[in-house]
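So this one's protein-v4.cif, mmCIF, C-alpha atoms:
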data_coords
#
loop_
_atom_site.group_PDB
_atom_site.id
_atom_site.type_symbol
_atom_site.label_atom_id
_atom_site.label_comp_id
_atom_site.auth_asym_id
_atom_site.auth_seq_id
_atom_site.Cartn_x
_atom_site.Cartn_y
_atom_site.Cartn_z
ATOM 1 C CA MET A 1 -8.017 -64.572 -80.984
ATOM 2 C CA GLN A 2 -10.143 -63.701 -77.981
ATOM 3 C CA ASP A 3 -9.820 -60.342 -76.222
ATOM 4 C CA ASP A 4 -8.876 -62.051 -72.929
ATOM 5 C CA PRO A 5 -5.060 -61.560 -72.689
ATOM 6 C CA PHE A 6 -4.596 -64.804 -70.776
ATOM 7 C CA ARG A 7 -6.528 -66.835 -73.337
ATOM 8 C CA LYS A 8 -4.586 -65.085 -76.078
ATOM 9 C CA LEU A 9 -1.332 -66.266 -74.469
ATOM 10 C CA CYS A 10 -2.686 -69.821 -74.231
ATOM 11 C CA GLN A 11 -3.608 -69.778 -77.926
ATOM 12 C CA ILE A 12 -0.194 -68.423 -78.916
ATOM 13 C CA VAL A 13 1.560 -71.208 -77.004
ATOM 14 C CA ALA A 14 -0.765 -73.813 -78.552
ATOM 15 C CA GLN A 15 0.042 -72.449 -82.014
ATOM 16 C CA LEU A 16 3.785 -72.548 -81.301
ATOM 17 C CA ARG A 17 3.449 -76.204 -80.284
ATOM 18 C CA ALA A 18 1.144 -77.176 -83.167
ATOM 19 C CA PRO A 19 2.249 -78.736 -86.481
ATOM 20 C CA GLY A 20 3.791 -75.974 -88.537
ATOM 21 C CA GLY A 21 4.645 -74.014 -85.381
ATOM 22 C CA CYS A 22 8.077 -73.267 -83.929
ATOM 23 C CA PRO A 23 10.499 -76.225 -84.220
ATOM 24 C CA TRP A 24 12.161 -75.375 -80.908
ATOM 25 C CA ASP A 25 8.882 -75.123 -78.992
ATOM 26 C CA ARG A 26 7.603 -78.350 -80.528
ATOM 27 C CA GLU A 27 10.706 -80.234 -79.378
ATOM 28 C CA GLN A 28 10.414 -79.245 -75.745
ATOM 29 C CA THR A 29 9.278 -81.548 -72.933
ATOM 30 C CA HIS A 30 8.404 -80.980 -69.278
ATOM 31 C CA GLU A 31 11.933 -82.070 -68.377
ATOM 32 C CA SER A 32 13.815 -80.143 -71.056
ATOM 33 C CA ILE A 33 12.539 -76.693 -70.019
ATOM 34 C CA LEU A 34 12.994 -77.135 -66.272
ATOM 35 C CA PRO A 35 16.380 -75.317 -66.268
ATOM 36 C CA GLN A 36 14.776 -72.306 -67.952
ATOM 37 C CA LEU A 37 11.887 -72.377 -65.470
ATOM 38 C CA ILE A 38 14.317 -72.264 -62.537
ATOM 39 C CA GLU A 39 16.319 -69.501 -64.237
ATOM 40 C CA GLU A 40 13.178 -67.409 -64.783
ATOM 41 C CA ALA A 41 12.234 -67.765 -61.114
ATOM 42 C CA TYR A 42 15.649 -66.445 -60.076
ATOM 43 C CA GLU A 43 15.458 -63.586 -62.591
ATOM 44 C CA LEU A 44 12.065 -62.649 -61.169
ATOM 45 C CA THR A 45 13.566 -62.709 -57.681
ATOM 46 C CA ALA A 46 16.394 -60.396 -58.808
ATOM 47 C CA ALA A 47 13.900 -57.935 -60.305
ATOM 48 C CA VAL A 48 11.920 -57.813 -57.058
ATOM 49 C CA ARG A 49 15.041 -57.246 -54.960
ATOM 50 C CA ALA A 50 16.199 -54.492 -57.313
ATOM 51 C CA ASN A 51 12.742 -52.871 -57.228
ATOM 52 C CA ASP A 52 12.895 -52.849 -61.032
ATOM 53 C CA ILE A 53 9.186 -52.597 -61.842
ATOM 54 C CA ALA A 54 9.495 -52.856 -65.634
ATOM 55 C CA ASN A 55 11.717 -55.919 -65.396
ATOM 56 C CA PHE A 56 9.498 -57.358 -62.669
ATOM 57 C CA ARG A 57 6.505 -57.171 -65.004
ATOM 58 C CA GLU A 58 8.474 -58.798 -67.822
ATOM 59 C CA GLU A 59 9.794 -61.599 -65.614
ATOM 60 C CA LEU A 60 6.291 -62.346 -64.316
ATOM 61 C CA GLY A 61 5.265 -62.812 -67.939
ATOM 62 C CA ASP A 62 8.219 -65.097 -68.630
ATOM 63 C CA LEU A 63 7.321 -67.229 -65.615
ATOM 64 C CA LEU A 64 3.656 -67.330 -66.641
ATOM 65 C CA LEU A 65 4.743 -68.505 -70.093
ATOM 66 C CA HIS A 66 6.312 -71.571 -68.491
ATOM 67 C CA VAL A 67 3.110 -72.366 -66.614
ATOM 68 C CA VAL A 68 1.111 -72.144 -69.823
ATOM 69 C CA MET A 69 3.713 -74.163 -71.752
ATOM 70 C CA HIS A 70 3.639 -77.018 -69.221
ATOM 71 C CA ALA A 71 -0.160 -76.973 -69.206
ATOM 72 C CA GLU A 72 -0.224 -77.097 -73.030
ATOM 73 C CA MET A 73 2.104 -80.110 -73.049
ATOM 74 C CA ALA A 74 -0.177 -81.827 -70.543
ATOM 75 C CA ARG A 75 -3.230 -81.010 -72.694
ATOM 76 C CA GLU A 76 -1.521 -82.579 -75.702
ATOM 77 C CA ALA A 77 -0.822 -85.705 -73.631
ATOM 78 C CA GLY A 78 -4.439 -85.819 -72.463
ATOM 79 C CA THR A 79 -3.599 -85.566 -68.745
ATOM 80 C CA PHE A 80 -4.933 -82.087 -67.872
ATOM 81 C CA ASP A 81 -5.185 -78.571 -69.297
ATOM 82 C CA ILE A 82 -4.818 -74.981 -68.103
ATOM 83 C CA ASP A 83 -8.438 -74.836 -66.951
ATOM 84 C CA ASP A 84 -7.783 -77.802 -64.671
ATOM 85 C CA VAL A 85 -4.763 -75.960 -63.244
ATOM 86 C CA LEU A 86 -6.801 -72.796 -62.624
ATOM 87 C CA THR A 87 -9.718 -74.718 -61.113
ATOM 88 C CA GLU A 88 -7.478 -76.685 -58.764
ATOM 89 C CA ILE A 89 -5.580 -73.661 -57.447
ATOM 90 C CA SER A 90 -8.822 -71.694 -56.984
ATOM 91 C CA GLU A 91 -10.453 -74.533 -55.054
ATOM 92 C CA LYS A 92 -7.323 -74.985 -52.931
ATOM 93 C CA LEU A 93 -7.188 -71.277 -52.049
ATOM 94 C CA ILE A 94 -10.831 -71.319 -50.966
ATOM 95 C CA ARG A 95 -10.364 -74.564 -49.015
ATOM 96 C CA ARG A 96 -7.247 -73.300 -47.221
ATOM 97 C CA HIS A 97 -8.733 -69.902 -46.333
ATOM 98 C CA PRO A 98 -11.839 -70.777 -44.308
ATOM 99 C CA HIS A 99 -11.239 -67.583 -42.299
ATOM 100 C CA VAL A 100 -12.113 -65.694 -45.499
ATOM 101 C CA PHE A 101 -14.549 -67.968 -47.332
ATOM 102 C CA ALA A 102 -16.106 -69.927 -44.438
ATOM 103 C CA GLY A 103 -16.729 -69.581 -40.717
ATOM 104 C CA SER A 104 -13.245 -69.933 -39.219
ATOM 105 C CA ASP A 105 -12.289 -67.270 -36.683
ATOM 106 C CA ALA A 106 -8.528 -67.316 -37.388
ATOM 107 C CA ARG A 107 -7.573 -63.686 -37.789
ATOM 108 C CA ASP A 108 -3.916 -63.058 -36.942
ATOM 109 C CA THR A 109 -1.070 -64.299 -39.146
ATOM 110 C CA GLY A 110 0.107 -66.966 -36.693
ATOM 111 C CA ALA A 111 -3.344 -68.530 -36.405
ATOM 112 C CA VAL A 112 -3.807 -68.408 -40.175
ATOM 113 C CA LEU A 113 -0.491 -70.190 -40.826
ATOM 114 C CA LYS A 114 -1.301 -72.925 -38.307
ATOM 115 C CA LEU A 115 -4.738 -73.372 -39.863
ATOM 116 C CA TRP A 116 -3.194 -73.520 -43.348
ATOM 117 C CA GLU A 117 -0.693 -76.148 -42.193
ATOM 118 C CA ARG A 118 -3.376 -78.278 -40.546
ATOM 119 C CA ILE A 119 -5.611 -78.197 -43.626
ATOM 120 C CA LYS A 120 -2.647 -78.945 -45.876
ATOM 121 C CA HIS A 121 -1.605 -81.890 -43.694
ATOM 122 C CA GLU A 122 -5.144 -83.296 -43.779
ATOM 123 C CA GLU A 123 -5.156 -83.025 -47.577
ATOM 124 C CA LYS A 124 -1.878 -84.913 -47.863
ATOM 125 C CA LYS A 125 -2.406 -87.509 -45.115
ATOM 126 C CA ASP A 126 -3.156 -90.267 -47.596
ATOM 127 C CA THR A 127 0.152 -89.786 -49.434
ATOM 128 C CA HIS A 128 2.571 -88.558 -46.711
ATOM 129 C CA GLU A 129 3.449 -90.719 -43.720
ATOM 130 C CA HIS A 130 5.235 -87.931 -41.841
ATOM 131 C CA TYR A 131 4.618 -84.237 -41.325
ATOM 132 C CA LEU A 132 7.758 -83.132 -43.190
ATOM 133 C CA ASP A 133 7.398 -85.617 -46.064
ATOM 134 C CA GLY A 134 6.080 -82.840 -48.293
ATOM 135 C CA LEU A 135 9.293 -80.828 -47.960
ATOM 136 C CA PRO A 136 10.657 -80.609 -51.519
ATOM 137 C CA ASP A 137 14.039 -82.308 -51.972
ATOM 138 C CA ALA A 138 14.822 -80.079 -54.964
ATOM 139 C CA LEU A 139 14.902 -76.818 -52.997
ATOM 140 C CA PRO A 140 18.288 -75.119 -52.557
ATOM 141 C CA ALA A 141 19.781 -76.299 -49.249
ATOM 142 C CA LEU A 142 19.506 -72.935 -47.487
ATOM 143 C CA MET A 143 15.883 -72.468 -48.507
ATOM 144 C CA ARG A 144 15.016 -76.082 -47.599
ATOM 145 C CA ALA A 145 16.518 -75.672 -44.121
ATOM 146 C CA GLN A 146 14.499 -72.527 -43.503
ATOM 147 C CA LYS A 147 11.283 -74.120 -44.773
ATOM 148 C CA ALA A 148 11.802 -77.194 -42.568
ATOM 149 C CA GLN A 149 12.304 -74.979 -39.519
ATOM 150 C CA LYS A 150 9.225 -72.876 -40.308
ATOM 151 C CA LYS A 151 7.056 -75.965 -40.737
ATOM 152 C CA ALA A 152 8.314 -77.431 -37.458
ATOM 153 C CA ALA A 153 7.650 -74.125 -35.690
ATOM 154 C CA ARG A 154 4.010 -74.184 -36.820
ATOM 155 C CA VAL A 155 3.448 -77.287 -34.685
ATOM 156 C CA ASN A 156 5.261 -75.654 -31.732
ATOM 157 C CA PHE A 157 8.651 -77.324 -32.249
ATOM 158 C CA ASP A 158 10.751 -74.189 -31.886
ATOM 159 C CA TRP A 159 13.067 -72.263 -29.615
ATOM 160 C CA SER A 160 11.160 -69.946 -27.302
ATOM 161 C CA GLU A 161 13.993 -67.474 -26.651
ATOM 162 C CA LEU A 162 16.429 -65.863 -29.091
ATOM 163 C CA ARG A 163 19.270 -66.308 -26.590
ATOM 164 C CA ASP A 164 18.800 -70.078 -26.807
ATOM 165 C CA VAL A 165 19.225 -69.934 -30.584
ATOM 166 C CA ILE A 166 22.392 -67.869 -30.204
ATOM 167 C CA ALA A 167 23.698 -70.396 -27.666
ATOM 168 C CA LYS A 168 22.992 -73.180 -30.164
ATOM 169 C CA VAL A 169 24.991 -71.358 -32.866
ATOM 170 C CA GLU A 170 27.905 -70.974 -30.430
ATOM 171 C CA GLU A 171 27.636 -74.655 -29.467
ATOM 172 C CA GLU A 172 27.695 -75.763 -33.100
ATOM 173 C CA LEU A 173 30.689 -73.484 -33.789
ATOM 174 C CA GLN A 174 32.638 -75.120 -30.966
ATOM 175 C CA GLU A 175 31.740 -78.584 -32.281
ATOM 176 C CA ALA A 176 32.886 -77.540 -35.767
ATOM 177 C CA LYS A 177 36.199 -76.340 -34.331
ATOM 178 C CA ALA A 178 36.660 -79.672 -32.534
ATOM 179 C CA ALA A 179 35.908 -81.592 -35.727
ATOM 180 C CA ILE A 180 38.432 -79.486 -37.672
ATOM 181 C CA ALA A 181 41.053 -80.210 -35.013
ATOM 182 C CA SER A 182 40.371 -83.944 -35.436
ATOM 183 C CA HIS A 183 41.052 -83.768 -39.199
ATOM 184 C CA ASP A 184 38.052 -86.078 -39.688
ATOM 185 C CA LYS A 185 36.590 -84.899 -42.990
ATOM 186 C CA SER A 186 33.249 -86.600 -42.438
ATOM 187 C CA ALA A 187 32.880 -85.071 -38.976
ATOM 188 C CA ILE A 188 33.913 -81.636 -40.269
ATOM 189 C CA GLU A 189 31.264 -81.787 -42.993
ATOM 190 C CA GLU A 190 28.588 -82.838 -40.509
ATOM 191 C CA GLU A 191 29.441 -80.162 -37.953
ATOM 192 C CA ILE A 192 29.695 -77.352 -40.501
ATOM 193 C CA GLY A 193 26.314 -78.450 -41.844
ATOM 194 C CA ASP A 194 24.896 -78.276 -38.306
ATOM 195 C CA LEU A 195 26.431 -74.812 -37.881
ATOM 196 C CA LEU A 196 24.849 -73.582 -41.114
ATOM 197 C CA PHE A 197 21.495 -75.021 -40.045
ATOM 198 C CA ALA A 198 21.755 -73.220 -36.695
ATOM 199 C CA VAL A 199 22.608 -69.910 -38.392
ATOM 200 C CA VAL A 200 19.565 -70.281 -40.660
ATOM 201 C CA ASN A 201 17.516 -70.784 -37.504
ATOM 202 C CA LEU A 202 19.003 -67.614 -36.024
ATOM 203 C CA ALA A 203 18.026 -65.639 -39.129
ATOM 204 C CA ARG A 204 14.493 -67.033 -38.972
ATOM 205 C CA LYS A 205 14.096 -66.163 -35.290
ATOM 206 C CA CYS A 206 15.250 -62.626 -36.130
ATOM 207 C CA LYS A 207 12.422 -62.558 -38.710
ATOM 208 C CA LEU A 208 14.878 -62.467 -41.594
ATOM 209 C CA ASP A 209 14.935 -64.510 -44.773
ATOM 210 C CA ALA A 210 18.240 -66.412 -44.699
ATOM 211 C CA GLU A 211 18.389 -66.617 -48.489
ATOM 212 C CA SER A 212 18.040 -62.835 -48.853
ATOM 213 C CA ALA A 213 20.512 -62.153 -46.055
ATOM 214 C CA LEU A 214 23.154 -64.339 -47.677
ATOM 215 C CA GLN A 215 22.418 -62.862 -51.105
ATOM 216 C CA ASN A 216 22.934 -59.347 -49.731
ATOM 217 C CA SER A 217 26.206 -60.333 -48.076
ATOM 218 C CA THR A 218 27.434 -61.960 -51.270
ATOM 219 C CA ASP A 219 26.511 -58.847 -53.253
ATOM 220 C CA LYS A 220 28.422 -56.741 -50.718
ATOM 221 C CA PHE A 221 31.470 -59.005 -51.028
ATOM 222 C CA VAL A 222 31.368 -58.805 -54.838
ATOM 223 C CA THR A 223 31.123 -54.990 -54.748
ATOM 224 C CA ARG A 224 34.070 -54.681 -52.388
ATOM 225 C CA PHE A 225 36.140 -57.212 -54.304
ATOM 226 C CA ASN A 226 35.512 -55.243 -57.496
ATOM 227 C CA ARG A 227 36.794 -52.106 -55.745
ATOM 228 C CA LEU A 228 39.884 -53.996 -54.642
ATOM 229 C CA GLU A 229 40.497 -55.120 -58.222
ATOM 230 C CA GLU A 230 40.041 -51.565 -59.512
ATOM 231 C CA GLU A 231 42.584 -50.231 -57.022
ATOM 232 C CA LEU A 232 45.097 -52.880 -58.061
ATOM 233 C CA GLN A 233 44.601 -51.873 -61.681
ATOM 234 C CA VAL A 234 45.325 -48.234 -60.783
ATOM 235 C CA GLN A 235 48.586 -49.473 -59.253
ATOM 236 C CA GLY A 236 49.377 -51.410 -62.412
ATOM 237 C CA LYS A 237 48.875 -54.751 -60.680
ATOM 238 C CA GLN A 238 46.571 -57.718 -61.181
ATOM 239 C CA LEU A 239 44.726 -60.135 -58.945
ATOM 240 C CA GLY A 240 47.045 -62.968 -57.970
ATOM 241 C CA ASP A 241 50.150 -60.782 -58.188
ATOM 242 C CA VAL A 242 49.745 -59.346 -54.699
ATOM 243 C CA GLU A 243 49.957 -61.547 -51.626
ATOM 244 C CA GLU A 244 48.865 -59.024 -48.996
ATOM 245 C CA LEU A 245 45.428 -57.700 -49.921
ATOM 246 C CA ASP A 246 44.146 -56.857 -46.428
ATOM 247 C CA VAL A 247 45.073 -53.161 -46.519
ATOM 248 C CA ILE A 248 43.453 -52.631 -49.914
ATOM 249 C CA TRP A 249 40.420 -54.660 -48.791
ATOM 250 C CA GLU A 250 39.927 -52.452 -45.742
ATOM 251 C CA ARG A 251 40.040 -49.364 -47.952
ATOM 252 C CA ALA A 252 37.509 -50.949 -50.319
ATOM 253 C CA LYS A 253 35.163 -51.589 -47.373
ATOM 254 C CA GLY A 254 35.249 -47.927 -46.447
ATOM 255 C CA ARG A 255 34.340 -46.636 -49.906
#

Show how you would write the structure in this file as structure tokens.
Amino acid sequence: MQDDPFRKLCQIVAQLRAPGGCPWDREQTHESILPQLIEEAYELTAAVRANDIANFREELGDLLLHVVMHAEMAREAGTFDIDDVLTEISEKLIRRHPHVFAGSDARDTGAVLKLWERIKHEEKKDTHEHYLDGLPDALPALMRAQKAQKKAARVNFDWSELRDVIAKVEEELQEAKAAIASHDKSAIEEEIGDLLFAVVNLARKCKLDAESALQNSTDKFVTRFNRLEEELQVQGKQLGDVEELDVIWERAKGR
């Protein structure tokens, strides 16, 4: 094998997929390993958030393995190979960074993002009828909402003042309350969806990642709930046996 570690990985994957290689690897398709690809992306995210450098390095490798595996499957099918993938991403990076590789004068982050979006839109204009057509349907709902809002903001469709965003959240909350009072399930679903969308917008305007904010709050809830469960166990009780948990919950919050 060559000394280049990346080429070594490519050759290992090709050998795993070749006749006489690993039966499991040979059976896989682009579709069959998608769940693992998504799982690896989330595991990488967890490693970053935990600042676990060793695990971060490992998870980057696991994610890279999926890239190489998909490219090897495509090579076998005669559609493209890993060199095509590398060439295309390199050319795209150069094309979308004229402020680095050409004569563009975009220098601050805002100008760079608008330039990136314009170039990207020009690249896709033959395949996308509308500006937001390229928004992936497969993204988790919270992430998709945030991405849609960011893209709209890059073409100046955005709230100018934070107080207006807060007012919108309050407006959507009142509309959700009215829908709940009507007992109209369809209206309740719509209004709660609008409320969630407005809260994502509030997080974005506060320069926060809504996905990370919700993840942190969920982690906090899990930690406190575990403390509540531990206190019940000390009392010889179990979850579900106690109706009033508020007092114990408040103690768990303070620990």

Pull out every residue that the PyMOL selection byres ((chain A and resi 98) around 12) matches in the shown coordinates and put them as number ranges by chain. A: 91-97, 99-107, 111-113, 115-116, 118-119

Among the residues A:Leu162, A:Ile188, A:Leu232, A:Ile180, the one that comes closest to Lys207 of chain A [using all atoms listed in the file]: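 Closest to Lys207 of chain A, using all atoms listed in the file: A:Leu162.
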
Residues selected by the PyMOL selection byres ((chain A and resi 13-16) around 9), written as a PDB file with C-alpha atoms, in the frame of the given file:
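Output file out35.pdb is given in full below:
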ATOM      1  CA  LYS A   8      -4.586 -65.085 -76.078  1.00  0.00           C
ATOM      2  CA  LEU A   9      -1.332 -66.266 -74.469  1.00  0.00           C
ATOM      3  CA  CYS A  10      -2.686 -69.821 -74.231  1.00  0.00           C
ATOM      4  CA  GLN A  11      -3.608 -69.778 -77.926  1.00  0.00           C
ATOM      5  CA  ILE A  12      -0.194 -68.423 -78.916  1.00  0.00           C
ATOM      6  CA  ARG A  17       3.449 -76.204 -80.284  1.00  0.00           C
ATOM      7  CA  ALA A  18       1.144 -77.176 -83.167  1.00  0.00           C
ATOM      8  CA  PRO A  19       2.249 -78.736 -86.481  1.00  0.00           C
ATOM      9  CA  GLY A  20       3.791 -75.974 -88.537  1.00  0.00           C
ATOM     10  CA  GLY A  21       4.645 -74.014 -85.381  1.00  0.00           C
ATOM     11  CA  CYS A  22       8.077 -73.267 -83.929  1.00  0.00           C
ATOM     12  CA  PRO A  23      10.499 -76.225 -84.220  1.00  0.00           C
ATOM     13  CA  TRP A  24      12.161 -75.375 -80.908  1.00  0.00           C
ATOM     14  CA  ASP A  25       8.882 -75.123 -78.992  1.00  0.00           C
ATOM     15  CA  ARG A  26       7.603 -78.350 -80.528  1.00  0.00           C
ATOM     16  CA  LEU A  65       4.743 -68.505 -70.093  1.00  0.00           C
ATOM     17  CA  VAL A  68       1.111 -72.144 -69.823  1.00  0.00           C
ATOM     18  CA  MET A  69       3.713 -74.163 -71.752  1.00  0.00           C
ATOM     19  CA  GLU A  72      -0.224 -77.097 -73.030  1.00  0.00           C
ATOM     20  CA  MET A  73       2.104 -80.110 -73.049  1.00  0.00           C
TER      21      MET A  73
END

Go through A:Arg163, A:Pro5, A:Gln28, A:Ile33 and flag the residue nearest Gly61 of chain A, using all atoms listed in the file for the distances.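 Nearest candidate to Gly61 of chain A out of A:Arg163, A:Pro5, A:Gln28, A:Ile33: A:Pro5.
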
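With all atoms listed in the file as the atoms that count, the residue of A:Asp3, A:Met143, A:Ala47, A:His30 with the shortest distance to His70 of chain A is A:His30.
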
Residues in the PyMOL selection byres ((chain A and resi 172) around 9), expressed as a PyMOL selection string: chain A and resi 167-171+173-177+191-192+194-196+198

Can you find the residues with an atom no farther than 12 Å from (37.1, -54.6, -46.9), counting only C-alpha atoms, and report them as a list of chain:residue names? A:Lys220, A:Phe221, A:Val222, A:Thr223, A:Arg224, A:Phe225, A:Asn226, A:Arg227, A:Leu228, A:Glu229, A:Leu245, A:Asp246, A:Val247, A:Ile248, A:Trp249, A:Glu250, A:Arg251, A:Ala252, A:Lys253, A:Gly254, A:Arg255

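Here atom CA of Asn55 of chain A stands at a distance of 16.8 Å from atom CA of Ile38 of chain A.
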
Give the padded box for segment 8-25 of chain A as JSON: axis-aligned, covering all atoms listed in the file, 5 Å on each side, centre and edge lengths in Å to one decimal.
{"center_x": 3.8, "center_y": -71.9, "center_z": -81.4, "size_x": 26.7, "size_y": 23.7, "size_z": 24.3}

Choose the residue, out of A:Leu64, A:Val200, A:Ala71, A:Leu44, that has the smallest atom-to-atom separation from Lys147 of chain A; count only C-alpha atoms. A:Val200

In Å, how far is it from atom CA of Val67 of chain A to atom CA of Ala138 of chain A? 18.2 Å

Neighbour list for Asp158 of chain A as a VMD selection string, cut-off 12 Å, all atoms listed in the file, skip fewer than 2 positions in-chain: chain A and resid 148 to 156 160 to 162 164 to 165 201 to 202 204 to 205

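Minimum atom-to-atom distances from A:Asp4, A:Ser186, A:Glu211, A:His66 to Leu139 of chain A were compared using only C-alpha atoms, and the lowest value belongs to A:Glu211.
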
With all atoms listed in the file as the atoms that count, which of A:Leu34, A:Leu63, A:Ala178, A:Val199 lies nearest to Ile166 of chain A?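 Result for the nearest residue to Ile166 of chain A: A:Val199.
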